[in-house]
>>> print(open('target26.txt').read())   # compact mmCIF, C-alpha atoms
# COMPACT_ATOMS: atom_id res chain seq x y z
CA MET O 3 104.50 115.94 97.95
CA LEU O 4 103.37 112.33 97.81
CA PRO O 5 102.16 110.91 94.49
CA THR O 6 98.40 110.81 93.85
CA PRO O 7 97.02 107.50 92.57
CA TYR O 8 95.90 107.24 88.98
CA VAL O 9 92.14 106.65 88.94
CA LYS O 10 89.91 105.67 86.06
CA CYS O 11 86.44 104.40 87.01
CA ASP O 12 82.88 104.44 85.79
CA TYR O 13 81.55 107.57 87.45
CA GLU O 14 77.98 106.52 86.69
CA THR O 15 78.29 104.10 89.61
CA VAL O 16 81.08 105.32 91.90
CA TYR O 17 81.89 108.74 93.32
CA GLU O 18 84.45 110.59 91.24
CA PRO O 19 87.44 111.77 93.32
CA SER O 20 86.70 115.39 94.16
CA GLU O 21 87.80 118.14 96.54
CA ASP O 22 86.82 116.06 99.57
CA SER O 23 88.87 113.06 98.42
CA PHE O 24 91.90 115.27 97.78
CA LEU O 25 91.50 116.98 101.16
CA LEU O 26 91.69 113.55 102.79
CA LEU O 27 94.86 112.74 100.84
CA ASP O 28 96.43 116.01 101.98
CA CYS O 29 95.31 115.31 105.52
CA LEU O 30 96.95 111.86 105.50
CA GLU O 31 100.13 113.31 104.02
CA HIS O 32 100.17 115.91 106.79
CA GLU O 33 99.62 113.17 109.38
CA GLN O 34 102.12 110.71 107.90
CA GLU O 35 104.83 111.25 110.51
CA TYR O 36 102.39 111.30 113.41
CA LEU O 37 100.89 108.01 112.23
CA ALA O 38 104.28 106.43 111.55
CA SER O 39 105.36 107.12 115.11
CA ARG O 40 102.02 106.15 116.65
CA PHE O 41 102.03 102.82 114.81
CA ARG O 42 105.75 102.07 114.63
CA ASP O 43 105.38 98.76 116.52
CA GLY O 44 103.38 95.74 115.52
CA LEU O 45 100.69 95.23 112.92
CA SER O 46 98.46 98.10 111.82
CA VAL O 47 94.93 97.32 110.72
CA VAL O 48 93.63 100.02 108.40
CA CYS O 49 90.00 100.34 107.38
CA GLU O 50 88.51 102.77 104.93
CA LEU O 51 84.73 103.01 105.07
CA GLY O 52 83.12 104.00 101.79
CA PRO O 53 86.25 103.93 99.60
CA GLY O 54 84.32 104.71 96.39
CA SER O 55 86.91 104.80 93.61
CA GLY O 56 89.55 103.54 96.05
CA ILE O 57 91.75 106.60 95.72
CA VAL O 58 92.33 107.05 99.47
CA THR O 59 93.07 103.40 100.25
CA THR O 60 95.40 103.20 97.25
CA PHE O 61 97.16 106.38 98.41
CA MET O 62 97.74 104.88 101.86
CA MET O 63 99.00 101.59 100.37
CA GLN O 64 101.22 103.36 97.87
CA ASN O 65 102.82 105.61 100.47
CA GLY O 66 103.08 103.12 103.33
CA ILE O 67 100.59 104.92 105.63
CA PRO O 68 100.65 104.35 108.55
CA ALA O 69 103.59 101.90 108.47
CA ARG O 70 105.22 100.42 105.39
CA GLY O 71 105.45 96.64 105.41
CA SER O 72 103.35 96.15 108.55
CA SER O 73 99.89 97.43 107.56
CA MET O 74 96.92 95.47 106.28
CA TYR O 75 94.01 97.23 104.61
CA PHE O 76 90.27 96.67 104.52
CA ALA O 77 88.05 98.56 102.09
CA VAL O 78 84.48 98.36 103.37
CA ASP O 79 81.63 99.68 101.26
CA ILE O 80 77.92 99.12 100.93
CA SER O 81 78.20 99.30 97.14
CA PRO O 82 79.51 96.39 95.08
CA TRP O 83 80.61 98.90 92.44
CA ALA O 84 82.83 100.74 94.87
CA LEU O 85 84.53 97.51 95.92
CA GLU O 86 85.18 96.57 92.32
CA ALA O 87 86.50 100.08 91.57
CA THR O 88 88.77 100.01 94.62
CA ASP O 89 90.31 96.71 93.61
CA ASP O 90 90.79 98.06 90.12
CA THR O 91 92.46 101.27 91.31
CA VAL O 92 94.78 99.32 93.62
CA ARG O 93 95.88 97.14 90.67
CA ARG O 94 96.18 100.07 88.28
CA ASN O 95 98.65 101.62 90.73
CA LYS O 96 100.50 98.33 91.21
CA CYS O 97 99.73 98.12 94.92
CA HIS O 98 98.39 94.55 94.83
CA GLY O 99 101.54 93.29 96.58
CA THR O 100 100.12 94.77 99.81
CA TYR O 101 97.44 93.10 101.94
CA LEU O 102 93.97 94.39 100.97
CA ASP O 103 90.56 92.82 101.20
CA ALA O 104 87.32 94.37 100.03
CA VAL O 105 84.28 93.69 102.20
CA GLN O 106 80.66 94.53 101.42
CA CYS O 107 79.04 95.78 104.60
CA ASP O 108 77.04 98.64 106.10
CA LEU O 109 79.68 100.71 107.94
CA ALA O 110 81.75 98.62 110.37
CA SER O 111 79.04 96.29 111.68
CA CYS O 112 80.85 93.11 110.53
CA LEU O 113 84.24 93.99 111.98
CA LYS O 114 85.47 92.24 115.09
CA PRO O 115 85.49 94.83 117.89
CA ARG O 116 88.56 96.88 118.79
CA GLU O 117 90.74 95.80 115.88
CA VAL O 118 90.92 98.88 113.67
CA ASP O 119 94.01 101.03 114.24
CA LEU O 120 93.47 103.55 111.50
CA LEU O 121 89.98 104.33 110.23
CA VAL O 122 89.29 106.74 107.40
CA PHE O 123 85.80 107.86 106.41
CA ASN O 124 84.61 110.23 103.73
CA PRO O 125 80.90 109.84 104.48
CA PRO O 126 77.84 110.75 102.46
CA TYR O 127 77.65 114.20 104.04
CA VAL O 128 75.31 116.15 101.76
CA PRO O 129 72.15 117.23 103.62
CA ALA O 130 69.09 115.60 102.08
CA GLU O 131 65.54 114.76 103.02
CA HIS O 132 66.46 111.16 103.63
CA VAL O 133 69.16 108.57 103.08
CA PRO O 134 68.33 106.39 100.05
CA GLU O 135 67.49 102.74 100.63
CA ILE O 136 69.96 100.12 99.50
CA PRO O 137 68.93 99.05 95.99
CA ASN O 138 67.96 95.44 95.38
CA ALA O 139 69.68 95.37 92.03
CA ALA O 140 73.34 95.99 91.34
CA ASP O 141 72.45 97.79 88.10
CA ASP O 142 70.42 100.50 89.84
CA HIS O 143 73.40 102.78 89.17
CA SER O 144 72.06 106.16 90.23
CA THR O 145 70.85 104.95 93.64
CA TRP O 146 74.28 103.47 94.43
CA LEU O 147 75.80 106.82 93.55
CA ASP O 148 73.20 108.68 95.68
CA LEU O 149 74.13 106.44 98.63
CA ALA O 150 77.69 107.74 98.37
CA LEU O 151 76.49 111.34 98.63
CA LEU O 152 73.27 111.83 100.56
CA GLY O 153 73.52 111.97 104.33
CA GLY O 154 69.94 112.75 105.38
CA GLU O 155 69.23 115.42 108.00
CA ASN O 156 72.16 117.87 108.27
CA GLY O 157 74.05 115.33 106.17
CA MET O 158 74.85 113.60 109.46
CA VAL O 159 72.67 110.47 109.59
CA ILE O 160 75.40 108.08 108.42
CA THR O 161 78.24 109.86 110.21
CA GLU O 162 76.27 109.74 113.50
CA LYS O 163 75.83 105.99 113.06
CA LEU O 164 79.57 105.58 112.68
CA LEU O 165 80.32 107.86 115.65
CA LEU O 166 78.21 105.56 117.79
CA GLN O 167 80.25 102.55 116.59
CA LEU O 168 83.61 104.27 117.04
CA GLU O 169 84.15 103.13 120.61
CA THR O 170 83.63 99.50 119.59
CA VAL O 171 85.48 99.60 116.31
CA LEU O 172 88.76 101.31 117.18
CA SER O 173 91.62 99.49 118.87
CA LYS O 174 93.11 100.89 122.06
CA LYS O 175 95.51 103.11 120.17
CA GLY O 176 93.13 103.49 117.24
CA VAL O 177 92.56 106.76 115.44
CA ALA O 178 89.85 107.85 113.01
CA TYR O 179 89.86 110.59 110.38
CA ILE O 180 86.38 111.73 109.39
CA LEU O 181 85.49 114.32 106.77
CA PHE O 182 82.78 116.94 107.32
CA CYS O 183 81.24 119.83 105.44
CA ALA O 184 80.27 123.02 107.26
CA ARG O 185 76.56 122.17 107.13
CA ASN O 186 77.31 119.07 109.26
CA ARG O 187 78.24 121.52 112.08
CA PRO O 188 81.47 119.65 112.83
CA GLU O 189 82.47 121.89 115.74
CA GLU O 190 79.33 120.92 117.63
CA VAL O 191 79.99 117.27 116.86
CA ALA O 192 83.58 117.59 118.07
CA ASN O 193 82.52 119.25 121.32
CA ARG O 194 79.86 116.65 121.97
CA MET O 195 82.26 113.77 121.34
CA LYS O 196 84.78 115.35 123.70
CA ALA O 197 82.25 115.95 126.43
CA THR O 198 80.06 112.87 126.21
CA TYR O 199 82.47 110.17 125.17
CA SER O 200 85.85 111.51 126.36
CA TRP O 201 87.40 111.46 122.93
CA ASP O 202 90.31 113.57 121.84
CA VAL O 203 89.06 115.41 118.78
CA GLU O 204 91.25 117.63 116.68
CA LEU O 205 90.69 119.63 113.51
CA ILE O 206 93.52 118.56 111.21
CA ILE O 207 92.82 120.36 107.95
CA HIS O 208 90.12 122.50 106.35
CA ARG O 209 89.61 124.06 102.95
CA LYS O 210 87.12 126.11 101.03
CA ALA O 211 85.81 124.16 98.07
CA GLY O 212 83.48 126.24 95.91
CA TRP O 213 80.79 127.53 98.28
CA GLU O 214 81.42 124.70 100.74
CA VAL O 215 83.96 124.44 103.56
CA LEU O 216 85.33 120.95 104.08
CA SER O 217 87.26 119.74 107.11
CA VAL O 218 88.82 116.57 108.49
CA TYR O 219 88.79 115.83 112.21
CA ARG O 220 90.88 113.27 114.04
CA PHE O 221 89.25 111.18 116.79
CA SER O 222 91.18 109.09 119.31
CA ARG O 223 90.67 107.78 122.83
CA LYS O 224 91.69 110.23 125.51
CA THR O 225 92.95 107.49 127.79
CA ALA O 226 95.05 105.76 125.12
CA ASN O 227 98.60 105.29 126.22
CA HIS O 228 100.63 104.76 123.11
CA SER O 229 104.05 105.66 124.39
CA MET K 23 89.03 87.15 100.58
CA LYS K 24 92.26 86.07 102.16
CA PHE K 25 92.22 83.52 104.96
CA LEU K 26 93.54 86.05 107.48
CA THR K 27 90.49 88.26 106.93
CA THR K 28 88.34 85.57 108.59
CA ASN K 29 90.10 86.62 111.80
CA PHE K 30 88.46 90.05 111.56
CA LEU K 31 84.88 89.29 110.45
CA LYS K 32 81.95 88.73 112.78
CA CYS K 33 78.21 88.49 112.22
CA SER K 34 76.69 91.88 111.28
CA VAL K 35 73.50 91.27 113.29
CA LYS K 36 73.53 93.64 116.25
CA ALA K 37 71.65 91.26 118.51
CA CYS K 38 74.52 88.74 118.13
CA ASP K 39 77.04 91.17 119.63
CA GLY K 40 76.14 89.95 123.10
CA SER K 41 76.96 86.38 122.15
CA ASN K 42 80.34 84.64 122.03
CA ASP K 43 79.24 82.68 118.99
CA ASN K 44 79.24 85.53 116.45
CA PHE K 45 82.99 85.11 115.82
CA PRO K 46 84.57 83.48 113.95
CA LEU K 47 81.91 82.75 111.37
CA GLN K 48 81.52 79.10 110.44
CA TYR K 49 82.84 78.50 106.92
CA ASP K 50 81.16 75.83 104.82
CA GLY K 51 84.10 73.69 103.66
CA GLU K 52 81.99 71.89 101.07
CA LYS K 53 80.89 75.08 99.38
CA CYS K 54 84.06 77.16 99.68
CA THR K 55 86.41 77.30 96.70
CA LEU K 56 89.98 78.10 97.69
CA GLN K 57 92.69 79.60 95.54
CA GLN K 58 96.43 80.10 96.04
CA ASN K 59 97.84 83.42 94.97
CA ASN K 60 101.37 84.77 95.28
CA ASP K 61 100.82 88.52 94.79
CA ILE K 62 102.17 89.31 98.24
CA GLU K 63 105.82 88.49 98.89
CA PHE K 64 106.89 86.78 102.07
CA ASN K 65 107.92 89.32 104.71
CA ALA K 66 109.08 87.77 107.98
CA GLU K 67 108.48 90.92 110.02
CA PHE K 68 104.92 91.34 108.71
CA LEU K 69 104.17 87.70 109.53
CA THR K 70 105.68 88.03 113.01
CA ASN K 71 103.44 91.04 113.64
CA ILE K 72 100.41 89.17 112.34
CA LEU K 73 101.17 86.14 114.51
CA ASP K 74 101.39 88.45 117.51
CA ARG K 75 97.99 89.89 116.83
CA VAL K 76 95.79 87.03 115.59
CA ASP K 77 93.23 85.10 117.57
CA TRP K 78 94.84 81.66 117.19
CA ASP K 79 91.79 79.69 118.28
CA ALA K 80 89.78 81.36 115.53
CA ILE K 81 92.50 80.51 112.98
CA LEU K 82 92.33 76.85 114.11
CA THR K 83 88.54 76.79 113.90
CA VAL K 84 88.34 78.28 110.41
CA ALA K 85 91.23 76.10 109.15
CA ALA K 86 89.34 73.04 110.42
CA ASP K 87 86.12 74.29 108.73
CA LEU K 88 88.08 74.36 105.48
CA GLY K 89 89.60 70.90 106.02
CA ASN K 90 93.02 71.82 107.39
CA ASN K 91 93.74 70.15 110.72
CA SER K 92 97.52 70.34 110.55
CA LEU K 93 98.10 73.49 112.61
CA PRO K 94 99.67 73.33 116.08
CA ARG K 95 97.12 73.55 118.92
CA GLU K 96 99.00 76.43 120.53
CA LYS K 97 100.04 79.65 118.84
CA PRO K 98 103.68 79.13 117.72
CA VAL K 99 106.23 80.98 119.85
CA LEU K 100 109.16 82.39 117.92
CA GLY K 101 112.78 82.66 119.10
CA THR K 102 112.86 84.95 122.08
CA ASN K 103 116.23 86.63 121.57
CA GLY K 104 115.07 88.70 118.63
CA ASP K 105 116.76 86.67 115.89
CA LEU K 106 114.58 84.32 113.92
CA THR K 107 115.90 80.78 113.60
CA GLU K 108 115.54 78.62 110.49
CA ASP K 109 112.69 76.84 112.28
CA ASP K 110 110.94 80.15 113.00
CA LEU K 111 111.23 81.14 109.35
CA ALA K 112 109.75 77.81 108.27
CA VAL K 113 106.78 78.41 110.60
CA LEU K 114 106.31 81.93 109.24
CA ARG K 115 106.52 80.74 105.64
CA ASP K 116 103.82 78.16 106.29
CA LEU K 117 101.64 80.82 107.90
CA HIS K 118 102.25 83.14 104.94
CA THR K 119 101.00 80.40 102.63
CA LEU K 120 97.88 79.81 104.71
CA LEU K 121 96.94 83.28 105.96
CA ILE K 122 97.91 85.47 103.03
CA CYS K 123 98.26 83.33 99.90
CA THR K 124 95.10 81.29 100.48
CA SER K 125 91.88 83.00 99.43
CA ILE K 126 88.25 81.96 99.50
CA VAL K 127 86.95 83.00 96.08
CA GLU K 128 83.46 81.54 96.28
CA GLY K 129 81.61 80.16 99.24
CA GLN K 130 79.49 80.79 102.27
CA MET K 131 79.68 81.16 106.01
CA GLN K 132 77.21 81.20 108.83
CA CYS K 133 76.83 82.87 112.23
CA LYS K 134 76.92 80.21 114.95
CA ASN K 135 74.55 82.31 117.04
CA CYS K 136 71.72 83.39 114.72
CA GLY K 137 72.39 81.06 111.79
CA HIS K 138 72.40 83.82 109.21
CA ILE K 139 74.26 82.78 106.06
CA TYR K 140 76.65 85.15 104.28
CA TYR K 141 78.08 84.59 100.80
CA ILE K 142 81.46 85.14 99.19
CA LYS K 143 81.38 85.91 95.48
CA ASN K 144 84.32 86.82 93.27
CA GLY K 145 86.48 86.89 96.38
CA ILE K 146 84.32 89.52 98.09
CA PRO K 147 82.45 88.59 101.27
CA ASN K 148 79.01 90.17 101.51
CA LEU K 149 78.11 91.01 105.11
CA LEU K 150 75.17 93.26 104.24
CA LEU K 151 71.96 92.31 106.00
CA PRO K 152 68.49 92.14 104.48
CA PRO K 153 66.31 95.09 105.62
CA HIS K 154 64.46 93.09 108.31
CA LEU K 155 67.73 92.27 110.09
CA ALA K 156 69.58 95.55 109.57
>>> encode(input="target26.txt", output="C-alpha cells")
Amino acid sequence: MLPTPYVKCDYETVYEPSEDSFLLLDCLEHEQEYLASRFRDGLSVVCELGPGSGIVTTFMMQNGIPARGSSMYFAVDISPWALEATDDTVRRNKCHGTYLDAVQCDLASCLKPREVDLLVFNPPYVPAEHVPEIPNAADDHSTWLDLALLGGENGMVITEKLLLQLETVLSKKGVAYILFCARNRPEEVANRMKATYSWDVELIIHRKAGWEVLSVYRFSRKTANHS
Amino acid sequence: MKFLTTNFLKCSVKACDGSNDNFPLQYDGEKCTLQQNNDIEFNAEFLTNILDRVDWDAILTVAADLGNNSLPREKPVLGTNGDLTEDDLAVLRDLHTLLICTSIVEGQMQCKNCGHIYYIKNGIPNLLLPPHLA
C-alpha cells in the first residue's frame, strides 16, 4: 500500500479529506501500473482540478504517478485557500522538489488546449438548489467551503461543465479520473459520453460510504493510439 | 509561478479561444518580480522531455517580455545518437535555470486579443474572470 500524505489544514476554509478523497487515492494506486505504462515516454502534464487540501496531488507527487521524474503538476482551484493549503501539504510531505504550480481558475478554462495528460477531479457533487457564487472576499470562509461541495441540480452542474471541456483539455493520450456519487447518476453520464462523444469510459472503483455510494470513472479518447 | 508554466496558460475568456492571440499571455516586464529558487534538482531527462514538448516560440516571446533576449531563435536540437554531449548538458542546465528555477512572484499579464489583465500574487497566477466575463 502506498503511503498517504500527512495533511493538516484549516477545515473552516478547505474541504477536509474524506471518503471521496481516499477513494481517489485508492483508485490512483490501483491505476499506477496502467498509468506508468501509458505515460512511460516523454513528459506527463498532470492537472488536479479542485485540489482542496492538496492530498491527491501530493499523493501523486509522492508516489511518482504517473511517471517518476518526468511529470509536472498543476493544482487548479477557484479558491485561494485551497491553493495555499495544497502548497502547504506538498511542503509538509517534502514533495517541493517536484514541479508544481498552483493556478487560480474556474475549472480548466485557462489551460492551453490539449496539454493535460492526466486529469483528476473530485468535483462539488452534492445535489443542491444552486451552485454558490464566487465570493468577493477571501475571508468569506463558509462560501468557499460550500463551493467545494455543492454541485447544483443532481450535483452535476460543475461536472457537466468539465465534461464539455474534456475534449479540449486532454492531450491525445490524455486520461481523466472523475469522482461521482450515486445521485449524480454516473452510469447515465458514462453511457452518454460513450455514445455522444466517442469516449472510452470505465468504472475503476466504487465504495459505499455511509448512505452514499461513491465511484471513480476513467475517461479517455477512443481513437487514442498510445502504443 | 515558474517560467515554464507560462507555456501552459492562455486567456480564460471563452470568446478569445477562436483567436491566435490568446496564447502566450503578454507578461509586463516592468511589473513582474522574478525570483530564483533551487528547490528542484537538475534532471537531464526531465529537461529533455520538457524541451521536446514546449512551444519554443512562446518561450522566446515570454522571455523577451521579461527582458531576456539571449535564447536561440530555434529550439535547440540535442545529440541525436541518444547520448547527451557536454554541450547538450550545458543547454539543458541553462534551460533548467530559466524554465524551472525562475519564478514570477508578483506581476501581471495581459491577453493580446481582449486586453484583459491577470495578476500574479504570492507566486500564484489568478486567471479567474469577473462575473461579466465568465
>>> residues_around(input="target26.txt", residues="stretch 198-210 of chain O", least_positions_apart="2", cutoff="7 Å", atoms="all atoms listed in the file", output="list in words")
Cys29, Ala192, Arg194, Met195, Lys196, Gly212, Glu214, Val215, Leu216, Ser217, Val218, Tyr219, Arg220, Phe221, Ser222, Arg223 and Lys224 of chain O
>>> interface_residues(input="target26.txt", of="chain O", to="chain K", cutoff="9 Å", atoms="only C-alpha atoms", output="PyMOL selection string")
chain O and resi 43-46+71-73+76+80+82+85+98-108+110-115+117+136
>>> closest_residue(input="target26.txt", among="O:Ala139, O:Val9, O:Leu27, O:Leu181", to="O:Val58", atoms="all atoms listed in the file")
O:Leu27
>>> residues_around(input="target26.txt", residues="stretch 142-149 of chain O", least_positions_apart="3", cutoff="8 Å", atoms="all atoms listed in the file", output="VMD selection string")
chain O and resid 14 to 17 81 126 133 to 139 152 to 153
>>> atom_distance(input="target26.txt", atom1="atom CA of O:Val122", atom2="atom CA of O:Ala178")
5.7 Å
>>> closest_residue(input="target26.txt", among="O:Ser39, O:Pro125, O:Cys49, O:Trp83", to="O:Asp141", atoms="only C-alpha atoms")
O:Trp83
>>> closest_residue(input="target26.txt", among="K:Ile126, K:Leu114, K:Val99, K:Leu120", to="K:Leu82", atoms="only C-alpha atoms")
K:Leu120
>>> closest_residue(input="target26.txt", among="K:Gln132, K:Asp87, K:Gln58, K:Asp77", to="K:Thr119", atoms="all atoms listed in the file")
K:Gln58
>>> atom_distance(input="target26.txt", atom1="atom CA of O:Pro68", atom2="atom CA of O:Arg93")
19.9 Å
>>> atom_distance(input="target26.txt", atom1="atom CA of K:Thr124", atom2="atom CA of O:Val78")
20.3 Å
>>> closest_residue(input="target26.txt", among="O:Arg187, O:His132, O:Lys10, O:Lys175", to="O:Arg42", atoms="all atoms listed in the file")
O:Lys175
>>> residues_around(input="target26.txt", residues="O:Val47", least_positions_apart="5", cutoff="6 Å", atoms="all atoms listed in the file", output="number ranges by chain")
O: 73-74, 118-119
>>> axis_aligned_box(input="target26.txt", around="stretch 69-75 of chain K", padding_each_side="3 Å", output="AutoDock Vina command-line options")
--center_x 101.8 --center_y 88.6 --center_z 113.5 --size_x 13.7 --size_y 10.9 --size_z 14.0
>>> closest_residue(input="target26.txt", among="O:Asn65, O:Thr60, O:Thr161, O:Asn156", to="O:Arg94", atoms="only C-alpha atoms")
O:Thr60
